[in-house]
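Data from coords33.txt: compact mmCIF, C-alpha atoms
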```
# COMPACT_ATOMS: atom_id res chain seq x y z
CA MET A 287 5.70 -23.42 -0.31
CA ARG A 288 8.10 -25.01 -2.84
CA GLY A 289 11.06 -24.08 -0.63
CA ILE A 290 10.58 -20.37 -1.35
CA ARG A 291 12.40 -18.10 1.09
CA ARG A 292 9.99 -16.15 3.30
CA ILE A 293 10.30 -12.92 5.25
CA GLU A 294 8.59 -12.10 8.56
CA LEU A 295 6.80 -8.77 8.06
CA ALA A 296 5.37 -8.70 11.58
CA PRO A 297 5.47 -11.19 14.46
CA GLY A 298 4.11 -14.50 13.11
CA ILE A 299 3.19 -13.00 9.70
CA TYR A 300 5.22 -14.29 6.75
CA THR A 301 5.21 -13.68 3.01
CA PRO A 302 7.46 -14.91 0.16
CA GLN A 303 10.69 -12.89 0.01
CA ARG A 304 11.78 -13.85 -3.50
CA PHE A 305 11.10 -16.53 -6.10
CA THR A 306 14.08 -15.97 -8.41
CA ASP A 307 16.00 -12.72 -8.85
CA PRO A 308 14.18 -9.73 -7.27
CA ALA A 309 15.45 -7.35 -9.97
CA ALA A 310 14.06 -9.63 -12.70
CA GLU A 311 10.75 -9.89 -10.83
CA HIS A 312 10.63 -6.09 -10.55
CA LEU A 313 11.30 -5.52 -14.27
CA ALA A 314 8.79 -8.20 -15.29
CA THR A 315 6.12 -6.26 -13.35
CA ARG A 316 7.05 -3.01 -15.08
CA ARG A 317 7.19 -4.57 -18.56
CA ALA A 318 4.61 -7.38 -18.43
CA ALA A 319 3.11 -8.64 -15.16
CA GLY A 320 3.98 -9.77 -11.65
CA LEU A 321 2.11 -12.18 -9.38
CA PHE A 322 2.12 -11.34 -5.64
CA ASP A 323 0.84 -12.89 -2.41
CA PHE A 324 -0.59 -10.21 -0.09
CA SER A 325 -2.39 -12.65 2.19
CA PHE A 326 -0.51 -11.25 5.20
CA MET A 327 -2.96 -8.34 5.25
CA ALA A 328 -5.66 -7.95 7.87
CA CYS A 329 -9.20 -8.15 6.49
CA ALA A 330 -12.46 -7.49 8.33
CA ASP A 331 -16.13 -7.32 7.37
CA VAL A 332 -17.93 -4.33 8.90
CA SER A 333 -21.74 -4.46 9.18
CA GLY A 334 -24.58 -3.34 11.39
CA PRO A 335 -26.75 -0.24 11.95
CA ASP A 336 -23.76 1.90 13.02
CA SER A 337 -21.31 0.70 10.39
CA LEU A 338 -20.93 4.10 8.71
CA ALA A 339 -20.80 6.00 12.01
CA PHE A 340 -18.13 3.59 13.25
CA LEU A 341 -16.02 4.04 10.11
CA HIS A 342 -16.31 7.80 10.42
CA ARG A 343 -14.85 7.53 13.91
CA LEU A 344 -12.15 5.06 12.85
CA GLN A 345 -10.66 6.75 9.79
CA THR A 346 -10.24 10.12 8.08
CA ARG A 347 -12.47 9.96 4.97
CA ASN A 348 -16.12 10.96 4.66
CA LEU A 349 -17.63 7.78 3.21
CA ALA A 350 -21.24 8.98 2.99
CA GLN A 351 -21.02 9.19 -0.81
CA LEU A 352 -18.92 6.04 -1.30
CA ARG A 353 -21.15 4.01 -3.54
CA THR A 354 -21.28 0.22 -3.62
CA GLY A 355 -18.43 -1.14 -5.70
CA ARG A 356 -15.96 1.63 -4.85
CA ILE A 357 -12.87 1.72 -2.60
CA ALA A 358 -11.49 4.58 -0.47
CA TYR A 359 -7.82 4.86 0.49
CA THR A 360 -7.65 6.28 4.01
CA LEU A 361 -5.69 6.76 7.24
CA LEU A 362 -6.23 5.58 10.81
CA LEU A 363 -4.94 8.06 13.39
CA ARG A 364 -3.94 8.07 17.02
CA GLY A 365 -5.45 10.56 19.45
CA ASP A 366 -2.54 12.96 18.94
CA GLY A 367 -3.23 13.16 15.18
CA THR A 368 -0.31 10.96 14.09
CA VAL A 369 -0.87 8.13 11.63
CA LEU A 370 -1.25 4.63 13.04
CA THR A 371 -1.56 3.01 9.61
CA ASP A 372 -3.09 3.40 6.17
CA ALA A 373 -5.99 1.26 4.97
CA THR A 374 -8.61 0.74 2.30
CA VAL A 375 -12.37 0.64 2.85
CA TRP A 376 -14.44 -1.28 0.29
CA ALA A 377 -18.19 -0.60 -0.05
CA VAL A 378 -19.37 -4.11 -0.86
CA ALA A 379 -23.12 -3.71 -0.22
CA ALA A 380 -25.57 -1.27 1.38
CA GLY A 381 -24.42 -0.81 4.99
CA ARG A 382 -21.64 -3.40 4.59
CA TYR A 383 -17.95 -2.69 4.14
CA ALA A 384 -14.63 -4.51 4.01
CA LEU A 385 -11.60 -3.04 5.78
CA PHE A 386 -8.04 -3.95 4.74
CA ILE A 387 -5.02 -3.06 6.88
CA GLY A 388 -1.40 -4.09 6.35
CA ARG A 389 -0.62 -4.98 9.97
CA ARG A 390 -2.86 -7.55 11.64
CA ALA A 391 -2.02 -6.30 15.14
CA ASP A 392 -3.91 -3.07 14.32
CA MET A 393 -7.17 -5.02 14.33
CA GLU A 394 -7.12 -4.69 18.13
CA HIS A 395 -7.35 -0.91 17.68
CA VAL A 396 -10.30 -1.42 15.31
CA ARG A 397 -12.13 -3.71 17.74
CA GLY A 398 -11.56 -1.28 20.61
CA ILE A 399 -13.30 1.54 18.75
CA ALA A 400 -16.11 -0.76 17.62
CA ARG A 401 -17.15 -1.41 21.23
CA ASN A 402 -18.86 2.00 21.28
CA PHE A 403 -21.04 1.27 18.24
CA ASP A 404 -23.80 -1.11 17.18
CA VAL A 405 -21.54 -2.74 14.63
CA THR A 406 -20.22 -6.22 13.90
CA ILE A 407 -16.52 -6.66 13.09
CA SER A 408 -15.79 -10.07 11.55
CA ASP A 409 -12.07 -10.73 11.20
CA ARG A 410 -11.56 -12.61 7.92
CA SER A 411 -7.76 -12.42 7.83
CA ASP A 412 -7.29 -16.19 8.09
CA ASP A 413 -10.30 -17.00 5.90
CA HIS A 414 -9.13 -15.19 2.76
CA ALA A 415 -6.16 -15.18 0.42
CA VAL A 416 -5.19 -11.87 -1.24
CA ILE A 417 -3.45 -12.37 -4.59
CA ALA A 418 -2.36 -9.48 -6.80
CA VAL A 419 -1.53 -9.28 -10.49
CA GLN A 420 0.27 -6.06 -11.42
CA GLY A 421 1.63 -4.78 -14.69
CA PRO A 422 0.61 -3.68 -18.20
CA ARG A 423 -0.58 -7.20 -19.17
CA SER A 424 -2.49 -7.87 -15.95
CA SER A 425 -5.92 -7.28 -17.49
CA VAL A 426 -5.40 -10.02 -20.10
CA ILE A 427 -4.27 -12.49 -17.45
CA VAL A 428 -7.02 -11.76 -14.93
CA GLY A 429 -9.69 -11.72 -17.62
CA ALA A 430 -8.67 -15.21 -18.71
CA CYS A 431 -9.03 -16.66 -15.20
CA LEU A 432 -12.15 -15.12 -13.66
CA ALA A 433 -15.80 -15.18 -14.70
CA ASP A 434 -18.44 -12.45 -14.43
CA LEU A 435 -16.02 -9.52 -14.87
CA PRO A 436 -17.40 -6.26 -16.32
CA ALA A 437 -16.10 -5.20 -19.71
CA ARG A 438 -14.41 -2.04 -18.43
CA LEU A 439 -13.11 -1.26 -14.96
CA SER A 440 -12.11 1.94 -13.20
CA TYR A 441 -9.29 2.66 -10.76
CA PHE A 442 -10.43 1.91 -7.18
CA ASP A 443 -13.42 -0.14 -8.31
CA CYS A 444 -14.26 -3.45 -6.66
CA TRP A 445 -16.74 -6.04 -7.82
CA SER A 446 -17.88 -9.62 -7.27
CA ALA A 447 -16.62 -12.23 -9.72
CA ARG A 448 -16.22 -16.01 -9.75
CA PHE A 449 -13.23 -18.32 -9.72
CA ALA A 450 -13.75 -22.06 -10.23
CA GLY A 451 -17.45 -21.60 -9.45
CA ALA A 452 -16.86 -19.82 -6.12
CA ALA A 453 -17.51 -16.15 -5.43
CA CYS A 454 -14.52 -13.82 -5.04
CA TRP A 455 -13.85 -10.08 -4.93
CA VAL A 456 -11.66 -8.26 -7.41
CA SER A 457 -10.35 -4.69 -7.19
CA ARG A 458 -8.50 -2.36 -9.57
CA ILE A 459 -5.83 -1.30 -7.09
CA GLY A 460 -2.24 -2.21 -6.35
CA TYR A 461 1.05 -1.45 -4.65
CA SER A 462 3.40 -1.24 -7.61
CA GLY A 463 2.58 1.95 -9.52
CA GLU A 464 1.24 -0.14 -12.41
CA SER A 465 -2.27 -0.91 -13.51
CA GLY A 466 -3.29 -4.05 -11.67
CA TYR A 467 -5.71 -6.10 -9.63
CA GLU A 468 -6.08 -7.60 -6.19
CA ILE A 469 -8.23 -10.73 -5.92
CA ILE A 470 -9.80 -11.91 -2.66
CA VAL A 471 -10.69 -15.60 -2.53
CA ARG A 472 -11.30 -18.18 0.16
CA ALA A 473 -8.04 -19.29 1.75
CA GLN A 474 -8.53 -22.84 0.49
CA ASP A 475 -8.86 -21.52 -3.08
CA GLY A 476 -5.69 -19.42 -2.90
CA PRO A 477 -3.21 -22.07 -4.17
CA ALA A 478 -5.45 -22.99 -7.11
CA LEU A 479 -5.95 -19.34 -8.09
CA TRP A 480 -2.21 -18.71 -7.87
CA GLU A 481 -1.44 -21.63 -10.16
CA THR A 482 -4.21 -20.67 -12.61
CA LEU A 483 -2.90 -17.11 -12.86
CA ARG A 484 0.69 -18.32 -13.17
CA ARG A 485 -0.18 -20.61 -16.07
CA ALA A 486 -2.34 -18.00 -17.81
CA GLY A 487 0.45 -15.45 -17.49
CA ALA A 488 3.28 -17.65 -18.72
CA ALA A 489 2.85 -16.57 -22.33
CA GLN A 490 2.45 -12.93 -21.24
CA GLY A 491 5.81 -12.68 -19.46
CA LEU A 492 4.38 -12.89 -15.93
CA MET A 493 6.76 -13.73 -13.09
CA GLU A 494 6.01 -14.80 -9.53
CA CYS A 495 7.26 -12.04 -7.22
CA GLY A 496 8.30 -11.79 -3.59
CA PHE A 497 8.49 -8.98 -1.06
CA ASP A 498 11.94 -7.84 -2.22
CA ALA A 499 10.41 -6.90 -5.57
CA VAL A 500 7.36 -5.37 -3.85
CA ASP A 501 9.66 -3.11 -1.84
CA THR A 502 11.58 -1.72 -4.80
CA LEU A 503 8.38 -1.26 -6.82
CA ARG A 504 6.59 0.62 -4.05
CA ILE A 505 9.63 2.86 -3.37
CA GLU A 506 9.75 3.84 -7.06
CA ALA A 507 6.01 4.57 -6.86
CA GLY A 508 6.33 6.53 -3.58
CA TYR A 509 4.03 4.26 -1.55
CA LEU A 510 4.13 3.98 2.24
CA LEU A 511 5.13 0.88 4.20
CA PHE A 512 3.83 0.67 7.76
CA THR A 513 7.14 -0.68 9.09
CA ARG A 514 9.12 2.13 7.46
CA GLU A 515 7.44 5.47 6.70
CA LEU A 516 4.88 4.98 9.52
CA ALA A 517 7.37 3.60 12.06
CA ILE A 518 7.80 7.09 13.52
CA PRO A 519 4.91 9.35 14.62
CA VAL A 520 4.00 11.65 11.73
CA THR A 521 0.85 13.53 10.81
CA PRO A 522 -0.98 13.41 7.47
CA PHE A 523 0.41 16.89 6.78
CA GLU A 524 3.99 15.66 7.17
CA LEU A 525 3.19 12.78 4.81
CA GLY A 526 1.73 15.19 2.24
CA LEU A 527 -1.60 13.34 2.53
CA SER A 528 -3.93 16.08 3.70
CA ARG A 529 -6.17 15.14 0.72
CA LEU A 530 -7.12 12.02 2.68
CA VAL A 531 -8.44 14.06 5.63
CA ASP A 532 -12.06 15.27 5.60
CA MET A 533 -12.29 17.74 8.50
CA TYR A 534 -16.09 18.01 8.24
CA PRO A 535 -18.64 16.65 9.06
CA ILE A 536 -17.16 13.44 10.49
CA ASP A 537 -15.51 13.17 13.93
CA PHE A 538 -12.58 10.77 13.61
CA ILE A 539 -9.99 10.00 16.24
CA GLY A 540 -7.27 12.66 16.11
CA LEU A 541 -9.51 15.31 14.49
CA PHE A 542 -9.13 17.81 17.36
CA GLU A 543 -5.35 17.78 17.03
CA LEU A 544 -5.42 18.04 13.24
CA ARG A 545 -7.72 21.06 13.39
CA ARG A 546 -5.20 22.67 15.73
CA LEU A 547 -2.27 21.79 13.47
CA ARG A 548 -3.81 22.49 10.07
CA TRP A 549 -2.73 26.15 9.96
CA GLN A 550 0.81 25.43 11.18
CA GLN A 551 3.75 24.62 8.96
CA PRO A 552 4.68 20.94 9.40
CA ALA A 553 8.11 20.50 10.96
CA ARG A 554 9.11 17.97 8.27
CA ARG A 555 7.88 16.47 5.02
CA LEU A 556 8.14 13.11 3.31
CA VAL A 557 10.18 13.41 0.10
CA GLY A 558 12.10 11.39 -2.41
CA LEU A 559 15.86 11.24 -1.89
CA LEU A 560 18.66 10.60 -4.37
CA PRO A 561 21.73 9.68 -2.26
CA GLU A 562 25.04 10.77 -3.77
CA MET A 563 27.01 7.56 -3.44
CA ALA A 564 29.05 5.10 -5.48
CA GLU A 565 27.19 2.94 -7.97
CA ASP A 566 28.27 -0.25 -6.21
CA ALA A 567 27.45 1.02 -2.70
CA ASP A 568 25.15 -1.11 -0.55
CA PRO A 569 21.86 0.67 0.31
CA GLY A 570 21.62 -1.48 3.45
CA SER A 571 24.87 -0.09 4.84
CA LEU A 572 23.66 3.45 4.17
CA MET A 573 20.41 2.73 6.03
CA THR A 574 22.44 1.59 9.04
CA SER A 575 24.69 4.63 9.08
CA ALA A 576 21.75 6.94 8.32
CA ALA A 577 19.83 5.57 11.31
CA ALA A 578 22.82 6.28 13.54
CA ALA A 579 23.11 9.83 12.19
CA ALA A 580 19.37 10.63 12.06
CA THR A 581 18.24 14.00 13.33
CA SER A 582 14.75 15.21 14.11
CA SER A 583 14.55 16.81 10.65
CA THR A 584 16.35 14.35 8.33
CA VAL A 585 15.45 10.66 8.50
CA ILE A 586 15.80 8.05 5.74
CA THR A 587 12.97 5.54 6.03
CA SER A 588 13.42 3.40 2.88
CA LEU A 589 16.26 2.73 0.46
CA CYS A 590 16.66 0.45 -2.54
CA ARG A 591 18.74 0.02 -5.65
CA SER A 592 16.19 0.60 -8.38
CA PRO A 593 16.33 -2.02 -11.15
CA LEU A 594 14.60 0.48 -13.46
CA PHE A 595 16.68 3.60 -12.80
CA LYS A 596 19.85 1.66 -11.91
CA ARG A 597 20.65 3.85 -8.93
CA VAL A 598 19.84 4.10 -5.24
CA LEU A 599 16.47 5.71 -4.43
CA GLY A 600 15.16 6.62 -1.00
CA LEU A 601 12.16 7.89 0.90
CA GLY A 602 12.54 9.97 4.03
CA TYR A 603 11.68 13.05 6.03
CA VAL A 604 13.45 16.39 5.74
CA ALA A 605 12.88 19.77 7.36
CA THR A 606 10.05 21.61 5.61
CA ALA A 607 12.49 24.28 4.40
CA ASP A 608 14.43 21.52 2.56
CA ARG A 609 11.44 19.86 0.89
CA HIS A 610 11.89 21.55 -2.48
CA PRO A 611 13.28 19.43 -5.36
CA GLY A 612 16.98 20.09 -5.80
CA SER A 613 17.70 20.80 -2.13
CA ARG A 614 20.64 18.91 -0.64
CA VAL A 615 20.54 17.32 2.80
CA THR A 616 22.96 15.22 4.83
CA VAL A 617 21.66 11.69 5.33
CA ALA A 618 24.70 10.01 6.91
CA LYS A 619 28.27 10.85 7.79
CA GLY A 620 29.92 11.97 4.58
CA VAL A 621 26.82 11.25 2.48
CA SER A 622 24.43 13.85 1.11
CA ALA A 623 21.29 13.41 -0.95
CA ARG A 624 19.32 15.50 -3.39
CA VAL A 625 15.62 16.00 -2.64
CA THR A 626 13.20 15.11 -5.42
CA ARG A 627 9.45 14.98 -5.80
CA LEU A 628 7.46 11.79 -5.42
CA PRO A 629 6.82 9.43 -7.03
CA PHE A 630 10.03 8.63 -8.87
CA TYR A 631 8.07 6.51 -11.36
CA ASP A 632 5.02 7.76 -13.30
CA PRO A 633 4.67 11.18 -11.62
CA GLY A 634 1.18 11.73 -13.05
CA ARG A 635 -0.09 8.32 -11.82
CA HIS A 636 -1.34 7.72 -15.37
CA LEU A 637 -0.46 4.02 -15.40
CA PRO A 638 -2.56 2.76 -12.47
CA ARG A 639 -5.50 5.02 -13.37
CA GLU A 640 -5.67 4.05 -17.03
CA PRO A 641 -8.99 2.27 -17.70
CA ARG A 642 -8.52 -1.38 -18.57
CA ALA A 643 -10.70 -3.83 -20.43
CA CYS A 644 -10.54 -7.47 -19.35
```

Let's see the structure in the file written out as structure tokens.
Amino acid sequence: MRGIRRIELAPGIYTPQRFTDPAAEHLATRRAAGLFDFSFMACADVSGPDSLAFLHRLQTRNLAQLRTGRIAYTLLLRGDGTVLTDATVWAVAAGRYALFIGRRADMEHVRGIARNFDVTISDRSDDHAVIAVQGPRSSVIVGACLADLPARLSYFDCWSARFAGAACWVSRIGYSGESGYEIIVRAQDGPALWETLRRAGAAQGLMECGFDAVDTLRIEAGYLLFTRELAIPVTPFELGLSRLVDMYPIDFIGLFELRRLRWQQPARRLVGLLPEMAEDADPGSLMTSAAAAATSSTVITSLCRSPLFKRVLGLGYVATADRHPGSRVTVAKGVSARVTRLPFYDPGRHLPREPRAC
């Protein structure tokens, strides 16, 4: 791919690491628009008489009222109530859903549960390309490239559109903390869509972006990464995501344990961290020393030097007693950090939720 450096997110799964300067890509997304390749994601069609019953066993949200054209952000749990991964479920038609997961290996977990239901799981991971446009000018760019878009779109909507005469799916979601879109097209149409979006965005300040920019954007926005925040066994309560758990009337894997734990204080909580370190310090070196010094109550999971705030930001777990903004915790030998609320950027989530017209 034009000699672009790639990063291996999971065994055999690669994505562009950077196109130019990751800090410039990051700031372009915040100020104008960024173009991202998320085709590493696992994608499956879910259909059949037991599709809803299967999904209610698989994940933590009650989807009975999820109308066609809407998306639910959700969690997949292990039997002990800890989070295996996060996911999105798209209601694409009556009795038919699309499931998106970040790690393709987790599809084996999905297929294992499906064996107990009259449901068809069609893995489309290799058939589709997932291309995202994120940023304040994303609506202008996407609207210029796709046909059959509605005039006004809501956060977590999905709908069928057309690119170059072929059907595709478009959603108003993202992984940057900005208003944006993810577009699902046939794999063979992915390069043409990328180039069409790139050309349409040239006058809007759009930049092609790699995973290095994705990582700093999602840390600023407080979003999880399955290889970082979910790399250790934590419950939805420790993540601060109890809003994604519907205890009744569905019977998802891990429900018994969550009902037992729901009235207990979590041992730790995911928070934002502001390490107290020199301006020119390397976040990577702090991650290494923090991993060596990690305790059961204080663990740094993600660190970056924020191009927007021009300082090191982190995500991690602290003891519940230390979760309050302003608390200080030790994150490595000789290094402390101040606890802060999440997200660092756009605390009210106004930017991604703002209605956009194409």

Could you check the closest approach to Pro593 of chain A for each of A:Asp443, A:Asp331, A:Asp307, A:Asp336 and tell me which residue wins, using all atoms listed in the file?
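So, comparing all the options, the nearest one is A:Asp307.
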
List every residue of segment 441-495 of chain A that has an atom at most 10 Å from any atom of segment 630-633 of chain A, giving for each one its closest atom pair and the distance in Å to one decimal, counting all atoms listed in the file, sorted by chain and then by ascending residue number, as CSV.
```
residue,atom,partner,partner_atom,distance
A:Ser462,CA,A:Tyr631,CA,9.8
A:Gly463,CA,A:Asp632,CA,7.3
A:Glu464,CA,A:Asp632,CA,8.8
```

Ranking A:Leu599, A:Ala567, A:Val405, A:Val615 by minimum distance to Ala507 of chain A and counting all atoms listed in the file, which one comes first?
A:Leu599

Quick one: pull the distance between atom CA of Thr306 of chain A and atom CA of Cys431 of chain A, Å, one decimal.
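Separation between atom CA of Thr306 of chain A and atom CA of Cys431 of chain A: 24.1 Å.
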
One residue among A:Gly476, A:Pro522, A:Pro569, A:Pro638 is nearest to Gly540 of chain A when using only C-alpha atoms, and that residue is A:Pro522

I want to know what sits within 12 Å of Ala489 of chain A, based on all atoms listed in the file, with residues of the same chain fewer than 5 positions away left out; could you give that as a VMD selection string?
chain A and resid 318 to 319 423 426 to 427 483 to 484

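Around Cys454 of chain A, within 6 Å and counting only C-alpha atoms, the residues found are A:Ser446, A:Ala447, A:Arg448, A:Ile470, A:Val471, once anything fewer than 4 positions away on its own chain is removed.
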
Close residues, Ile539 of chain A itself excluded, 7 Å, only C-alpha atoms, min 6 positions apart in chain, as a list in words
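Neighbouring residues, sequence-local ones excluded: Arg343, Leu344, Leu363, Arg364 and Gly365 of chain A.
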
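Here atom CA of Arg554 of chain A and atom CA of Asp608 of chain A stand 8.6 Å from one another.
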
Please identify all polymer residues within 8 Å of Thr521 of chain A, counting only C-alpha atoms, omitting same-chain residues fewer than 5 positions from it, and present them as a PyMOL selection string.
chain A and resi 367-369

Using only C-alpha atoms, pick whichever of A:His414, A:Asp498, A:Phe512, A:Asn402 has the shortest atom-to-atom distance to Ile293 of chain A.
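Checking each candidate against Ile293 of chain A, we get A:Asp498 as the closest.
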
Taking into account all atoms listed in the file, which residue in the set A:Leu361, A:Ala623, A:Leu435, A:Val416 is nearest to Leu527 of chain A?
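Closest residue, counting all atoms listed in the file: A:Leu361.
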
Shortest interatomic distance to Thr406 of chain A - which of A:Arg555, A:Arg591, A:Lys619, A:Arg382, counting only C-alpha atoms
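Closest candidate: A:Arg382.
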
Contacts of Ala553 of chain A at 10 Å (only C-alpha atoms; same-chain gap of 3+ positions) as an MDAnalysis selection string
chainID A and resid 520 523:524 550 582:583 603:607

Work out how far atom CA of Gly320 of chain A is from atom CA of Leu559 of chain A, in Å to one decimal.
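One can read the atom CA of Leu559 of chain A to atom CA of Gly320 of chain A distance as 26.0 Å.
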